[in-house]
Each structure stands twice: as structure tokens, then as C-alpha cells.
$ cat run_5.pdb   # PDB, C-alpha atoms and all ligand atoms
MODEL        1
ATOM      1  CA  MET A   7     -47.417 -19.662   0.388
ATOM      2  CA  SER A   8     -45.213 -19.461  -2.679
ATOM      3  CA  ALA A   9     -42.052 -21.508  -2.617
ATOM      4  CA  ARG A  10     -38.558 -20.141  -2.785
ATOM      5  CA  ARG A  11     -37.051 -21.097  -6.159
ATOM      6  CA  LEU A  12     -33.739 -22.904  -5.850
ATOM      7  CA  ASP A  13     -31.752 -21.303  -8.659
ATOM      8  CA  GLY A  14     -29.509 -24.029 -10.079
ATOM      9  CA  LYS A  15     -28.143 -21.752 -12.764
ATOM     10  CA  ALA A  16     -26.799 -19.241 -10.244
ATOM     11  CA  ARG A  17     -25.510 -21.956  -7.897
ATOM     12  CA  ALA A  18     -23.795 -23.748 -10.794
ATOM     13  CA  ALA A  19     -22.091 -20.484 -11.805
ATOM     14  CA  ARG A  20     -20.702 -20.149  -8.264
ATOM     15  CA  LEU A  21     -19.474 -23.742  -8.241
ATOM     16  CA  LEU A  22     -17.863 -23.240 -11.655
ATOM     17  CA  GLY A  23     -16.063 -20.187 -10.273
ATOM     18  CA  GLU A  24     -14.589 -22.391  -7.551
ATOM     19  CA  VAL A  25     -13.659 -25.044 -10.140
ATOM     20  CA  GLU A  26     -11.915 -22.407 -12.272
ATOM     21  CA  ARG A  27      -9.823 -21.263  -9.298
ATOM     22  CA  ARG A  28      -8.803 -24.867  -8.536
ATOM     23  CA  VAL A  29      -7.989 -25.535 -12.213
ATOM     24  CA  GLY A  30      -5.649 -22.530 -12.042
ATOM     25  CA  ALA A  31      -3.949 -23.988  -8.960
ATOM     26  CA  CYS A  32      -3.467 -27.328 -10.794
ATOM     27  CA  LYS A  33      -1.878 -25.555 -13.753
ATOM     28  CA  GLU A  34       0.547 -23.778 -11.431
ATOM     29  CA  ARG A  35       1.713 -27.283 -10.537
ATOM     30  CA  ASP A  36       2.010 -28.252 -14.233
ATOM     31  CA  VAL A  37      -1.119 -30.407 -14.194
ATOM     32  CA  ARG A  38      -3.567 -29.430 -16.942
ATOM     33  CA  PRO A  39      -7.018 -30.851 -16.104
ATOM     34  CA  CYS A  40      -8.392 -32.804 -19.057
ATOM     35  CA  LEU A  41     -11.778 -34.430 -19.705
ATOM     36  CA  ALA A  42     -12.295 -36.978 -22.483
ATOM     37  CA  VAL A  43     -15.837 -36.728 -23.822
ATOM     38  CA  VAL A  44     -17.218 -39.727 -25.718
ATOM     39  CA  LEU A  45     -20.408 -39.304 -27.719
ATOM     40  CA  VAL A  46     -21.746 -42.152 -29.820
ATOM     41  CA  GLY A  47     -24.395 -41.429 -32.441
ATOM     42  CA  ASP A  48     -26.476 -38.365 -33.158
ATOM     43  CA  ASP A  49     -29.109 -38.161 -30.432
ATOM     44  CA  PRO A  50     -30.017 -34.432 -30.508
ATOM     45  CA  ALA A  51     -30.422 -34.063 -26.720
ATOM     46  CA  SER A  52     -27.076 -35.766 -26.058
ATOM     47  CA  GLN A  53     -25.419 -33.460 -28.588
ATOM     48  CA  VAL A  54     -26.800 -30.439 -26.715
ATOM     49  CA  TYR A  55     -25.605 -31.759 -23.324
ATOM     50  CA  VAL A  56     -22.137 -32.631 -24.634
ATOM     51  CA  ARG A  57     -21.769 -29.230 -26.300
ATOM     52  CA  SER A  58     -22.759 -27.593 -23.040
ATOM     53  CA  LYS A  59     -20.255 -29.678 -21.045
ATOM     54  CA  GLU A  60     -17.446 -28.851 -23.464
ATOM     55  CA  ARG A  61     -18.284 -25.137 -23.478
ATOM     56  CA  ARG A  62     -18.359 -24.930 -19.667
ATOM     57  CA  ALA A  63     -15.116 -26.949 -19.485
ATOM     58  CA  ALA A  64     -13.387 -24.428 -21.763
ATOM     59  CA  GLU A  65     -14.740 -21.537 -19.684
ATOM     60  CA  VAL A  66     -13.100 -22.883 -16.513
ATOM     61  CA  GLY A  67      -9.837 -23.854 -18.240
ATOM     62  CA  ILE A  68     -10.420 -27.610 -18.490
ATOM     63  CA  GLU A  69      -9.332 -29.174 -21.774
ATOM     64  CA  ALA A  70     -12.180 -31.231 -23.262
ATOM     65  CA  ARG A  71     -11.057 -33.864 -25.786
ATOM     66  CA  ASP A  72     -13.911 -34.672 -28.046
ATOM     67  CA  HIS A  73     -14.449 -38.255 -29.305
ATOM     68  CA  ARG A  74     -17.462 -38.462 -31.622
ATOM     69  CA  LEU A  75     -18.249 -41.923 -32.915
ATOM     70  CA  PRO A  76     -20.846 -43.045 -35.462
ATOM     71  CA  ALA A  77     -24.173 -44.534 -34.340
ATOM     72  CA  THR A  78     -22.997 -47.916 -35.702
ATOM     73  CA  THR A  79     -20.068 -48.157 -33.230
ATOM     74  CA  THR A  80     -19.765 -51.594 -31.628
ATOM     75  CA  THR A  81     -19.133 -52.457 -27.995
ATOM     76  CA  ASP A  82     -15.623 -53.672 -28.871
ATOM     77  CA  GLU A  83     -14.757 -50.434 -30.659
ATOM     78  CA  LEU A  84     -15.934 -48.440 -27.674
ATOM     79  CA  LEU A  85     -14.030 -50.691 -25.256
ATOM     80  CA  ALA A  86     -10.855 -50.081 -27.294
ATOM     81  CA  LEU A  87     -11.315 -46.303 -27.032
ATOM     82  CA  VAL A  88     -11.983 -46.507 -23.278
ATOM     83  CA  ALA A  89      -8.829 -48.642 -22.829
ATOM     84  CA  ALA A  90      -6.763 -46.024 -24.683
ATOM     85  CA  LEU A  91      -8.213 -43.202 -22.544
ATOM     86  CA  ASN A  92      -7.583 -45.195 -19.352
ATOM     87  CA  ALA A  93      -3.930 -45.535 -20.368
ATOM     88  CA  ASP A  94      -3.497 -41.864 -21.326
ATOM     89  CA  ARG A  95      -1.864 -40.198 -18.319
ATOM     90  CA  ALA A  96      -2.948 -36.734 -19.509
ATOM     91  CA  VAL A  97      -6.651 -37.655 -19.190
ATOM     92  CA  ASP A  98      -8.151 -36.997 -15.729
ATOM     93  CA  GLY A  99     -11.747 -37.861 -16.471
ATOM     94  CA  ILE A 100     -13.688 -40.003 -18.947
ATOM     95  CA  LEU A 101     -17.287 -39.196 -19.757
ATOM     96  CA  VAL A 102     -19.311 -41.604 -21.881
ATOM     97  CA  GLN A 103     -22.512 -39.764 -22.695
ATOM     98  CA  LEU A 104     -25.659 -41.828 -22.094
ATOM     99  CA  PRO A 105     -27.779 -43.271 -23.523
ATOM    100  CA  LEU A 106     -25.634 -45.354 -25.879
ATOM    101  CA  PRO A 107     -27.139 -46.893 -29.013
ATOM    102  CA  PRO A 108     -28.835 -50.266 -28.366
ATOM    103  CA  GLN A 109     -26.035 -52.431 -29.864
ATOM    104  CA  CYS A 110     -23.571 -51.104 -27.260
ATOM    105  CA  ASP A 111     -23.392 -52.988 -23.970
ATOM    106  CA  THR A 112     -23.630 -50.022 -21.593
ATOM    107  CA  GLN A 113     -22.787 -51.996 -18.428
ATOM    108  CA  ARG A 114     -19.622 -53.493 -19.959
ATOM    109  CA  ILE A 115     -18.494 -50.088 -21.138
ATOM    110  CA  LEU A 116     -19.096 -48.338 -17.814
ATOM    111  CA  LEU A 117     -17.297 -51.197 -16.048
ATOM    112  CA  ALA A 118     -14.303 -50.728 -18.361
ATOM    113  CA  VAL A 119     -13.752 -47.084 -17.344
ATOM    114  CA  ASP A 120     -10.883 -46.759 -14.856
ATOM    115  CA  PRO A 121     -12.704 -45.967 -11.541
ATOM    116  CA  ALA A 122     -10.038 -43.312 -10.838
ATOM    117  CA  LYS A 123     -11.147 -41.477 -14.025
ATOM    118  CA  ASP A 124     -14.868 -42.204 -13.678
ATOM    119  CA  VAL A 125     -15.961 -38.580 -13.201
ATOM    120  CA  ASP A 126     -19.599 -39.582 -13.808
ATOM    121  CA  GLY A 127     -19.472 -41.847 -10.746
ATOM    122  CA  PHE A 128     -21.213 -44.704 -12.590
ATOM    123  CA  HIS A 129     -18.592 -47.444 -12.081
ATOM    124  CA  PRO A 130     -19.637 -50.125  -9.525
ATOM    125  CA  ASP A 131     -16.487 -49.325  -7.548
ATOM    126  CA  ASN A 132     -17.586 -45.706  -7.130
ATOM    127  CA  LEU A 133     -21.208 -46.636  -6.452
ATOM    128  CA  GLY A 134     -20.015 -49.152  -3.824
ATOM    129  CA  ARG A 135     -17.757 -46.581  -2.179
ATOM    130  CA  LEU A 136     -20.708 -44.200  -1.983
ATOM    131  CA  MET A 137     -22.765 -46.906  -0.288
ATOM    132  CA  LEU A 138     -19.973 -47.374   2.275
ATOM    133  CA  GLY A 139     -19.909 -43.635   2.932
ATOM    134  CA  GLN A 140     -16.404 -43.371   1.428
ATOM    135  CA  PRO A 141     -17.114 -41.620  -1.862
ATOM    136  CA  ARG A 142     -14.477 -41.041  -4.553
ATOM    137  CA  PHE A 143     -16.634 -39.658  -7.373
ATOM    138  CA  VAL A 144     -20.312 -38.997  -6.699
ATOM    139  CA  ALA A 145     -22.712 -39.127  -9.676
ATOM    140  CA  CYS A 146     -23.213 -35.561 -10.890
ATOM    141  CA  THR A 147     -27.000 -35.138 -10.760
ATOM    142  CA  PRO A 148     -27.453 -36.457  -7.186
ATOM    143  CA  GLN A 149     -24.391 -34.457  -6.118
ATOM    144  CA  GLY A 150     -26.003 -31.336  -7.583
ATOM    145  CA  CYS A 151     -29.286 -32.070  -5.770
ATOM    146  CA  MET A 152     -27.423 -32.302  -2.453
ATOM    147  CA  VAL A 153     -25.689 -28.956  -3.065
ATOM    148  CA  LEU A 154     -29.066 -27.332  -3.735
ATOM    149  CA  LEU A 155     -30.576 -28.886  -0.577
ATOM    150  CA  GLU A 156     -27.620 -27.681   1.453
ATOM    151  CA  ASP A 157     -27.959 -24.174   0.013
ATOM    152  CA  ALA A 158     -31.650 -24.162   0.839
ATOM    153  CA  GLY A 159     -30.608 -24.721   4.453
ATOM    154  CA  VAL A 160     -32.619 -27.943   4.706
ATOM    155  CA  PRO A 161     -31.624 -29.723   7.953
ATOM    156  CA  LEU A 162     -31.870 -33.217   6.471
ATOM    157  CA  ALA A 163     -31.176 -35.147   9.689
ATOM    158  CA  GLY A 164     -34.377 -36.836  10.775
ATOM    159  CA  LEU A 165     -36.479 -35.523   7.884
ATOM    160  CA  ARG A 166     -38.579 -37.849   5.738
ATOM    161  CA  ALA A 167     -37.114 -37.854   2.226
ATOM    162  CA  LEU A 168     -38.793 -39.539  -0.729
ATOM    163  CA  VAL A 169     -36.797 -40.391  -3.850
ATOM    164  CA  ILE A 170     -39.029 -41.238  -6.802
ATOM    165  CA  GLY A 171     -37.147 -43.298  -9.382
ATOM    166  CA  ARG A 172     -34.484 -45.965  -8.858
ATOM    167  CA  SER A 173     -32.100 -45.466 -11.762
ATOM    168  CA  THR A 174     -28.416 -46.165 -11.232
ATOM    169  CA  ILE A 175     -27.439 -42.678 -12.357
ATOM    170  CA  VAL A 176     -29.851 -40.709 -10.157
ATOM    171  CA  GLY A 177     -32.289 -42.537  -7.850
ATOM    172  CA  LYS A 178     -29.990 -45.092  -6.207
ATOM    173  CA  PRO A 179     -27.053 -42.740  -5.486
ATOM    174  CA  MET A 180     -29.533 -40.089  -4.315
ATOM    175  CA  VAL A 181     -30.929 -42.523  -1.737
ATOM    176  CA  GLN A 182     -27.405 -43.198  -0.462
ATOM    177  CA  LEU A 183     -26.531 -39.500  -0.161
ATOM    178  CA  LEU A 184     -29.718 -38.795   1.783
ATOM    179  CA  VAL A 185     -29.150 -41.798   4.055
ATOM    180  CA  HIS A 186     -25.647 -40.537   4.826
ATOM    181  CA  ALA A 187     -27.158 -37.127   5.601
ATOM    182  CA  ASP A 188     -29.287 -38.907   8.256
ATOM    183  CA  ALA A 189     -32.618 -38.440   6.485
ATOM    184  CA  THR A 190     -35.258 -41.171   6.765
ATOM    185  CA  VAL A 191     -35.417 -42.258   3.154
ATOM    186  CA  THR A 192     -38.076 -44.003   1.075
ATOM    187  CA  ALA A 193     -37.337 -45.173  -2.476
ATOM    188  CA  ALA A 194     -40.478 -45.053  -4.613
ATOM    189  CA  HIS A 195     -40.830 -46.311  -8.174
ATOM    190  CA  SER A 196     -43.314 -47.433 -10.809
ATOM    191  CA  ARG A 197     -44.567 -50.298  -8.582
ATOM    192  CA  THR A 198     -45.149 -48.112  -5.503
ATOM    193  CA  ARG A 199     -48.766 -48.652  -4.467
ATOM    194  CA  ASP A 200     -49.891 -45.237  -3.246
ATOM    195  CA  LEU A 201     -47.426 -42.655  -4.475
ATOM    196  CA  ALA A 202     -49.720 -39.759  -3.509
ATOM    197  CA  ALA A 203     -49.661 -40.901   0.137
ATOM    198  CA  GLU A 204     -45.867 -41.285   0.083
ATOM    199  CA  VAL A 205     -45.447 -37.781  -1.358
ATOM    200  CA  ALA A 206     -47.939 -36.325   1.142
ATOM    201  CA  ARG A 207     -45.803 -37.333   4.139
ATOM    202  CA  ALA A 208     -42.422 -36.404   2.680
ATOM    203  CA  ASP A 209     -40.521 -33.347   3.928
ATOM    204  CA  VAL A 210     -38.208 -33.614   0.925
ATOM    205  CA  VAL A 211     -39.242 -34.976  -2.478
ATOM    206  CA  VAL A 212     -36.697 -35.806  -5.190
ATOM    207  CA  ALA A 213     -38.541 -36.646  -8.404
ATOM    208  CA  ALA A 214     -36.535 -38.563 -11.025
ATOM    209  CA  ILE A 215     -39.004 -40.714 -12.944
ATOM    210  CA  GLY A 216     -38.890 -39.158 -16.390
ATOM    211  CA  ARG A 217     -42.647 -38.659 -16.717
ATOM    212  CA  PRO A 218     -43.893 -35.120 -17.395
ATOM    213  CA  GLU A 219     -45.648 -33.518 -14.393
ATOM    214  CA  PHE A 220     -46.399 -36.945 -12.946
ATOM    215  CA  VAL A 221     -46.170 -35.728  -9.335
ATOM    216  CA  ARG A 222     -49.290 -33.657  -8.732
ATOM    217  CA  GLY A 223     -48.868 -30.358  -6.915
ATOM    218  CA  GLU A 224     -51.754 -31.177  -4.555
ATOM    219  CA  TRP A 225     -49.824 -34.225  -3.237
ATOM    220  CA  ILE A 226     -47.012 -32.042  -1.870
ATOM    221  CA  LYS A 227     -46.959 -31.589   1.899
ATOM    222  CA  PRO A 228     -47.195 -27.865   2.741
ATOM    223  CA  GLY A 229     -43.697 -26.605   3.519
ATOM    224  CA  ALA A 230     -41.891 -29.499   1.804
ATOM    225  CA  VAL A 231     -38.768 -29.046  -0.335
ATOM    226  CA  VAL A 232     -39.093 -30.305  -3.910
ATOM    227  CA  ILE A 233     -36.156 -31.219  -6.142
ATOM    228  CA  ASP A 234     -37.250 -31.924  -9.690
ATOM    229  CA  VAL A 235     -34.720 -33.944 -11.714
ATOM    230  CA  GLY A 236     -37.138 -34.554 -14.607
ATOM    231  CA  MET A 237     -36.445 -33.130 -18.046
ATOM    232  CA  ASN A 238     -39.306 -33.871 -20.398
ATOM    233  CA  ARG A 239     -39.745 -32.234 -23.786
ATOM    234  CA  LEU A 240     -43.464 -31.876 -24.636
ATOM    235  CA  ALA A 241     -44.903 -32.028 -28.169
ATOM    236  CA  ASP A 242     -45.307 -28.224 -28.136
ATOM    237  CA  GLY A 243     -41.552 -27.874 -27.446
ATOM    238  CA  ARG A 244     -41.864 -26.900 -23.772
ATOM    239  CA  LEU A 245     -39.488 -28.460 -21.276
ATOM    240  CA  VAL A 246     -41.171 -29.602 -18.052
ATOM    241  CA  GLY A 247     -40.094 -31.576 -15.026
ATOM    242  CA  ASP A 248     -41.594 -34.598 -13.291
ATOM    243  CA  VAL A 249     -43.524 -32.320 -10.903
ATOM    244  CA  GLU A 250     -46.568 -30.205 -11.685
ATOM    245  CA  PHE A 251     -44.654 -27.009 -11.024
ATOM    246  CA  ALA A 252     -47.237 -24.236 -10.490
ATOM    247  CA  ALA A 253     -49.393 -26.243  -8.063
ATOM    248  CA  ALA A 254     -46.367 -27.614  -6.218
ATOM    249  CA  GLU A 255     -44.833 -24.144  -5.950
ATOM    250  CA  ALA A 256     -47.971 -22.931  -4.184
ATOM    251  CA  ARG A 257     -47.509 -25.535  -1.408
ATOM    252  CA  ALA A 258     -43.769 -26.119  -1.086
ATOM    253  CA  ALA A 259     -41.261 -24.102   0.943
ATOM    254  CA  ALA A 260     -38.658 -24.430  -1.811
ATOM    255  CA  ILE A 261     -38.598 -25.951  -5.280
ATOM    256  CA  THR A 262     -36.217 -26.296  -8.232
ATOM    257  CA  PRO A 263     -37.473 -25.004 -11.596
ATOM    258  CA  VAL A 264     -37.100 -26.867 -14.900
ATOM    259  CA  PRO A 265     -35.133 -25.611 -16.758
ATOM    260  CA  GLY A 266     -32.622 -23.804 -14.557
ATOM    261  CA  GLY A 267     -32.643 -26.120 -11.535
ATOM    262  CA  VAL A 268     -30.868 -29.452 -11.343
ATOM    263  CA  GLY A 269     -29.685 -29.533 -15.005
ATOM    264  CA  PRO A 270     -26.980 -26.837 -14.756
ATOM    265  CA  MET A 271     -25.797 -28.398 -11.478
ATOM    266  CA  THR A 272     -25.173 -31.716 -13.264
ATOM    267  CA  ILE A 273     -22.647 -30.066 -15.569
ATOM    268  CA  ALA A 274     -20.985 -28.022 -12.806
ATOM    269  CA  CYS A 275     -20.613 -31.153 -10.639
ATOM    270  CA  LEU A 276     -19.061 -33.065 -13.550
ATOM    271  CA  LEU A 277     -16.374 -30.394 -13.892
ATOM    272  CA  HIS A 278     -15.973 -30.365 -10.112
ATOM    273  CA  ASN A 279     -15.222 -34.097 -10.325
ATOM    274  CA  VAL A 280     -12.692 -33.484 -13.127
ATOM    275  CA  VAL A 281     -10.767 -30.961 -11.046
ATOM    276  CA  LEU A 282     -10.874 -33.342  -8.058
ATOM    277  CA  SER A 283      -9.290 -35.999 -10.254
ATOM    278  CA  ALA A 284      -6.639 -33.567 -11.519
ATOM    279  CA  GLU A 285      -5.857 -32.519  -7.935
ATOM    280  CA  ARG A 286      -5.255 -36.177  -7.102
ATOM    281  CA  ARG A 287      -2.863 -36.367 -10.056
ATOM    282  CA  ALA A 288      -1.099 -33.235  -8.776
ATOM    283  CA  SER A 289      -0.809 -34.645  -5.214
ATOM    284  CA  PRO A 290      -0.886 -38.430  -5.344
ATOM    285  CA  THR A 291      -1.294 -39.962  -1.870
TER     286      THR A 291
HETATM  287  N1  LIG A 301     -22.715 -39.722 -19.005
HETATM  288  C1  LIG A 301     -23.834 -39.107 -18.626
HETATM  289  N2  LIG A 301     -24.916 -39.193 -19.387
HETATM  290  C2  LIG A 301     -26.057 -38.574 -18.970
HETATM  291  C3  LIG A 301     -26.100 -37.821 -17.758
HETATM  292  C4  LIG A 301     -24.934 -37.780 -16.972
HETATM  293  O1  LIG A 301     -24.886 -37.164 -15.861
HETATM  294  N3  LIG A 301     -23.815 -38.433 -17.446
HETATM  295  N4  LIG A 301     -27.231 -37.109 -17.411
HETATM  296  C5  LIG A 301     -28.297 -36.912 -18.373
HETATM  297  C6  LIG A 301     -28.157 -35.720 -19.299
HETATM  298  N5  LIG A 301     -27.349 -34.578 -18.832
HETATM  299  C7  LIG A 301     -26.006 -34.735 -18.775
HETATM  300  O2  LIG A 301     -25.403 -35.484 -19.479
HETATM  301  C8  LIG A 301     -27.888 -33.268 -18.657
HETATM  302  C9  LIG A 301     -29.213 -32.994 -18.890
HETATM  303  C10 LIG A 301     -29.703 -31.674 -18.799
HETATM  304  C11 LIG A 301     -28.872 -30.625 -18.468
HETATM  305  C12 LIG A 301     -29.348 -29.211 -18.413
HETATM  306  O3  LIG A 301     -28.580 -28.328 -18.081
HETATM  307  N6  LIG A 301     -30.594 -28.944 -18.769
HETATM  308  C13 LIG A 301     -31.094 -27.589 -18.868
HETATM  309  C14 LIG A 301     -32.110 -27.529 -19.992
HETATM  310  C15 LIG A 301     -31.516 -27.894 -21.312
HETATM  311  C16 LIG A 301     -32.514 -27.794 -22.445
HETATM  312  O4  LIG A 301     -33.064 -26.726 -22.650
HETATM  313  O5  LIG A 301     -32.703 -28.829 -23.127
HETATM  314  C17 LIG A 301     -31.740 -27.164 -17.560
HETATM  315  O6  LIG A 301     -32.246 -28.027 -16.831
HETATM  316  O7  LIG A 301     -31.753 -25.969 -17.297
HETATM  317  C18 LIG A 301     -27.565 -30.906 -18.208
HETATM  318  C19 LIG A 301     -27.069 -32.213 -18.305
HETATM  319  C20 LIG A 301     -28.425 -38.140 -19.268
HETATM  320  N7  LIG A 301     -27.170 -38.607 -19.747
ENDMDL
END
$ encode --input "run_5.pdb" --output "C-alpha cells"
Amino acid sequence: MSARRLDGKARAARLLGEVERRVGACKERDVRPCLAVVLVGDDPASQVYVRSKERRAAEVGIEARDHRLPATTTTDELLALVAALNADRAVDGILVQLPLPPQCDTQRILLAVDPAKDVDGFHPDNLGRLMLGQPRFVACTPQGCMVLLEDAGVPLAGLRALVIGRSTIVGKPMVQLLVHADATVTAAHSRTRDLAAEVARADVVVAAIGRPEFVRGEWIKPGAVVIDVGMNRLADGRLVGDVEFAAAEARAAAITPVPGGVGPMTIACLLHNVVLSAERRASPT
């Protein structure tokens, strides 16, 4: 068997088309969707991601306001910028690109973002709402994974889903989304005793550990669906996921490639959250 490839690039393009249409509808009501993008320092990968977010935003008619700060920026300086963006009524969404340099207190900064503008879905208020099944903004990568699972026609109710990795930006919200979709969910991580056995009984595997090709293809249950969130740059320049792709593809029913799987969905879901926020501004309840 060779797995069906879940094409995140094509799915993201479709979602962006829908976002563009909704941006147009906002503008007809005199609301111009606007995303504030905050990038601290000169991490090359972050620069690429931010450029990509700003380019896609422009393509769908969202104004992206760029705030580039030096690598020496302090927590207080960043808090002052976030406070100004919170107060700016023209700003619908605030994105603080992660990771921040080590002197910045990431938790304090994420906590300072107005939850109503937290289009990344990282604020405790938004994470808590997700846990209660009353989401406002859902973190972009897990949201993108769910769209891909839905498109693959995976009937999640009752299936065994394994999430590998327990980060706040991917693993934990992913667990919540799968629980709310009635899957039977296991959260695995670096201390999991027998990861191979956990993978072998999972109908759905979401790998988000940040270790190149750590999940062996031979562990995958035949017919499982594999979502690879990993993005690991090898010394030879190749980009690989957390799953050994070729061997996993031979066993799985469906699998996301890296690149071209979850990554483009992350950006499309961010802009989807921005237009949601602008729609709320256009029709406050
Ligand atoms: N504030 C945030 N910071 C970070 C997030 C996030 O969601 N919010 N996620 C990651 C990085 N990220 C978005 O910021 C991101 C990573 C990768 C891609 C992507 O499209 N990747 C391409 C490959 C790109 C390449 O060639 O290097 C792909 O998979 O096809 C999009 C977004 C950490 N920080």
C-alpha cells in the first residue's frame, strides 16, 4: 500500500481563498483586517516564516504591520509594544513570532497579549476556552492538522489517536481538539516508555517532537493516518519531518509530506484567525 499524500499546500490555498472572500466582506463594512507582526532578533527561520505570513496576508487583502526589533530587546520593551498594539483599535490580531531571544520572558509576553487579538491562540484564556470546548482562537498548527484530518475523511470518533510531543503551541492543543472530536487520545513525550508500541496501536499519529525522522516507518500501524508536524533542517540542507517518511508512506493510508503538509496550513489558519477577529469587530455581539 502507498499512502495518500495530504497536500497541505493545496488545502491552504483553498482556505486562503475563503479568507480572501471574507476579508472582502469585512472591507465592504469598512473594517480593514489588520495583523501586527512582531519579530525580535534575526533568527533566519523566523525571518522566513514572518516573510511568508506577511506575503500571504497581502495576497488575501490583510494589512500586515511589521514590527522588527533588535535581538537585544528587553521584556519591558516588548511589553510596551504589546500594550500599544492591544490599545490600537485598527489592529485585529497580534502575532509575536517564537522563539524569542532568551532574555525575553515569553510567558509574560504571551500573557500580555489581549486574548481577543491573540490570533496565535497561545494566551491561557484561549487555551482554557479550547479545553472547555468553547474555542475563541485555536492555535494555528493544531487547527491546520484538524482541517487536514477532516479533508482526509478520517472518522475520528472512537479512533485511537497518539499525539507525540506536549508543547503548548502544538501538542497540548492538539490533544484537546482530538478529545473534542471524540477520539481516544494518548499524549506521548520524551519520557514515554515504549513509543514504538504506542505508535503501533494508533489509528492516527500526530508527530510534533522536533527530532528528525524519530518515528520509524515500521512502527506505523498499516492503514493509519500520519500527520507530521516536524520541521527539521539537516546538515545537508534537506528539510525532514519527525517521521521516517518513505517507510511510513508504505504502511499508512494517508500521510502529510514535509515540506508541503502542515507548514502551509499553519499560515493559512493564522490568517483565518485574523479574519475571524475582524468579523467580530465588524459585528460585535
Ligand atoms: N508565533 C508563532 N511562532 C511560531 C509558530 C506559530 O504558529 N506562531 N510556529 C512555528 C513556525 N511557523 C510559524 O510561525 C511555521 C513553520 C513552517 C511553516 C512552513 O510553511 N514550512 C514549509 C517549509 C518552509 C521551509 O522550506 O523552510 C512547509 O512545511 O512546507 C510555516 C510556519 C514556530 N514559531
$ resolve_selection --input "run_5.pdb" --expression "the PyMOL selection byres (((chain A and resi 74) around 8) and not hetatm)" --output "list in words"
Val44, Leu45, Val46, Gly47, Asp72, His73, Leu75 and Pro76 of chain A
$ resolve_selection --input "run_5.pdb" --expression "the PyMOL selection byres (((not hetatm)) within 6 of (chain A and resi 301))" --output "list of chain:residue names"
A:Tyr55, A:Leu101, A:Val102, A:Gln103, A:Leu104, A:Asp126, A:Cys146, A:Thr147, A:Val264, A:Pro265, A:Gly266, A:Gly267, A:Val268, A:Gly269, A:Pro270, A:Thr272, A:Ile273
$ axis_aligned_box --input "run_5.pdb" --around "segment 176-183 of chain A" --padding-each-side "8 Å" --output "AutoDock Vina command-line options"
--center_x -29.4 --center_y -42.3 --center_z -5.2 --size_x 21.8 --size_y 21.6 --size_z 26.0
$ resolve_selection --input "run_5.pdb" --expression "the PyMOL selection byres (((chain A and resi 283) around 12) and not hetatm)" --output "MDAnalysis selection string"
chainID A and resid 25 28:29 32 37:41 68 95:100 120:127 142:144 276:282 284:290
$ write_last_selection --input "run_5.pdb" --atoms "C-alpha atoms" --output "JSON list (two decimals), in the coordinates of the input"
[["chain", "number", "residue", "atom", "x", "y", "z"],
["A", 25, "VAL", "CA", -13.66, -25.04, -10.14],
["A", 28, "ARG", "CA", -8.80, -24.87, -8.54],
["A", 29, "VAL", "CA", -7.99, -25.54, -12.21],
["A", 32, "CYS", "CA", -3.47, -27.33, -10.79],
["A", 37, "VAL", "CA", -1.12, -30.41, -14.19],
["A", 38, "ARG", "CA", -3.57, -29.43, -16.94],
["A", 39, "PRO", "CA", -7.02, -30.85, -16.10],
["A", 40, "CYS", "CA", -8.39, -32.80, -19.06],
["A", 41, "LEU", "CA", -11.78, -34.43, -19.70],
["A", 68, "ILE", "CA", -10.42, -27.61, -18.49],
["A", 95, "ARG", "CA", -1.86, -40.20, -18.32],
["A", 96, "ALA", "CA", -2.95, -36.73, -19.51],
["A", 97, "VAL", "CA", -6.65, -37.66, -19.19],
["A", 98, "ASP", "CA", -8.15, -37.00, -15.73],
["A", 99, "GLY", "CA", -11.75, -37.86, -16.47],
["A", 100, "ILE", "CA", -13.69, -40.00, -18.95],
["A", 120, "ASP", "CA", -10.88, -46.76, -14.86],
["A", 121, "PRO", "CA", -12.70, -45.97, -11.54],
["A", 122, "ALA", "CA", -10.04, -43.31, -10.84],
["A", 123, "LYS", "CA", -11.15, -41.48, -14.02],
["A", 124, "ASP", "CA", -14.87, -42.20, -13.68],
["A", 125, "VAL", "CA", -15.96, -38.58, -13.20],
["A", 126, "ASP", "CA", -19.60, -39.58, -13.81],
["A", 127, "GLY", "CA", -19.47, -41.85, -10.75],
["A", 142, "ARG", "CA", -14.48, -41.04, -4.55],
["A", 143, "PHE", "CA", -16.63, -39.66, -7.37],
["A", 144, "VAL", "CA", -20.31, -39.00, -6.70],
["A", 276, "LEU", "CA", -19.06, -33.06, -13.55],
["A", 277, "LEU", "CA", -16.37, -30.39, -13.89],
["A", 278, "HIS", "CA", -15.97, -30.36, -10.11],
["A", 279, "ASN", "CA", -15.22, -34.10, -10.32],
["A", 280, "VAL", "CA", -12.69, -33.48, -13.13],
["A", 281, "VAL", "CA", -10.77, -30.96, -11.05],
["A", 282, "LEU", "CA", -10.87, -33.34, -8.06],
["A", 284, "ALA", "CA", -6.64, -33.57, -11.52],
["A", 285, "GLU", "CA", -5.86, -32.52, -7.94],
["A", 286, "ARG", "CA", -5.26, -36.18, -7.10],
["A", 287, "ARG", "CA", -2.86, -36.37, -10.06],
["A", 288, "ALA", "CA", -1.10, -33.24, -8.78],
["A", 289, "SER", "CA", -0.81, -34.65, -5.21],
["A", 290, "PRO", "CA", -0.89, -38.43, -5.34]]
$ atom_distance --input "run_5.pdb" --atom1 "atom CA of Leu155 of chain A" --atom2 "atom CA of Ala258 of chain A"
13.5 Å
$ atom_distance --input "run_5.pdb" --atom1 "atom CA of Ala259 of chain A" --atom2 "atom CA of Lys227 of chain A"
9.5 Å
$ atom_distance --input "run_5.pdb" --atom1 "atom CA of Ile115 of chain A" --atom2 "atom CA of Gly216 of chain A"
23.6 Å
$ residues_around --input "run_5.pdb" --residues "Pro141 of chain A" --least-positions-apart "2" --cutoff "12 Å" --atoms "all atoms listed in the file" --output "CSV table (one decimal) with C-alpha atoms, keeping the file's coordinate frame"
chain,number,residue,atom,x,y,z
A,121,PRO,CA,-12.7,-46.0,-11.5
A,122,ALA,CA,-10.0,-43.3,-10.8
A,125,VAL,CA,-16.0,-38.6,-13.2
A,127,GLY,CA,-19.5,-41.8,-10.7
A,128,PHE,CA,-21.2,-44.7,-12.6
A,129,HIS,CA,-18.6,-47.4,-12.1
A,130,PRO,CA,-19.6,-50.1,-9.5
A,131,ASP,CA,-16.5,-49.3,-7.5
A,132,ASN,CA,-17.6,-45.7,-7.1
A,133,LEU,CA,-21.2,-46.6,-6.5
A,134,GLY,CA,-20.0,-49.2,-3.8
A,135,ARG,CA,-17.8,-46.6,-2.2
A,136,LEU,CA,-20.7,-44.2,-2.0
A,137,MET,CA,-22.8,-46.9,-0.3
A,138,LEU,CA,-20.0,-47.4,2.3
A,139,GLY,CA,-19.9,-43.6,2.9
A,143,PHE,CA,-16.6,-39.7,-7.4
A,144,VAL,CA,-20.3,-39.0,-6.7
A,145,ALA,CA,-22.7,-39.1,-9.7
A,149,GLN,CA,-24.4,-34.5,-6.1
A,179,PRO,CA,-27.1,-42.7,-5.5
A,182,GLN,CA,-27.4,-43.2,-0.5
A,183,LEU,CA,-26.5,-39.5,-0.2
A,186,HIS,CA,-25.6,-40.5,4.8
A,279,ASN,CA,-15.2,-34.1,-10.3
$ closest_residue --input "run_5.pdb" --among "A:Gly223, A:Pro148, A:Gly229, A:Gly236" --to "Lys178 of chain A" --atoms "only C-alpha atoms"
A:Pro148
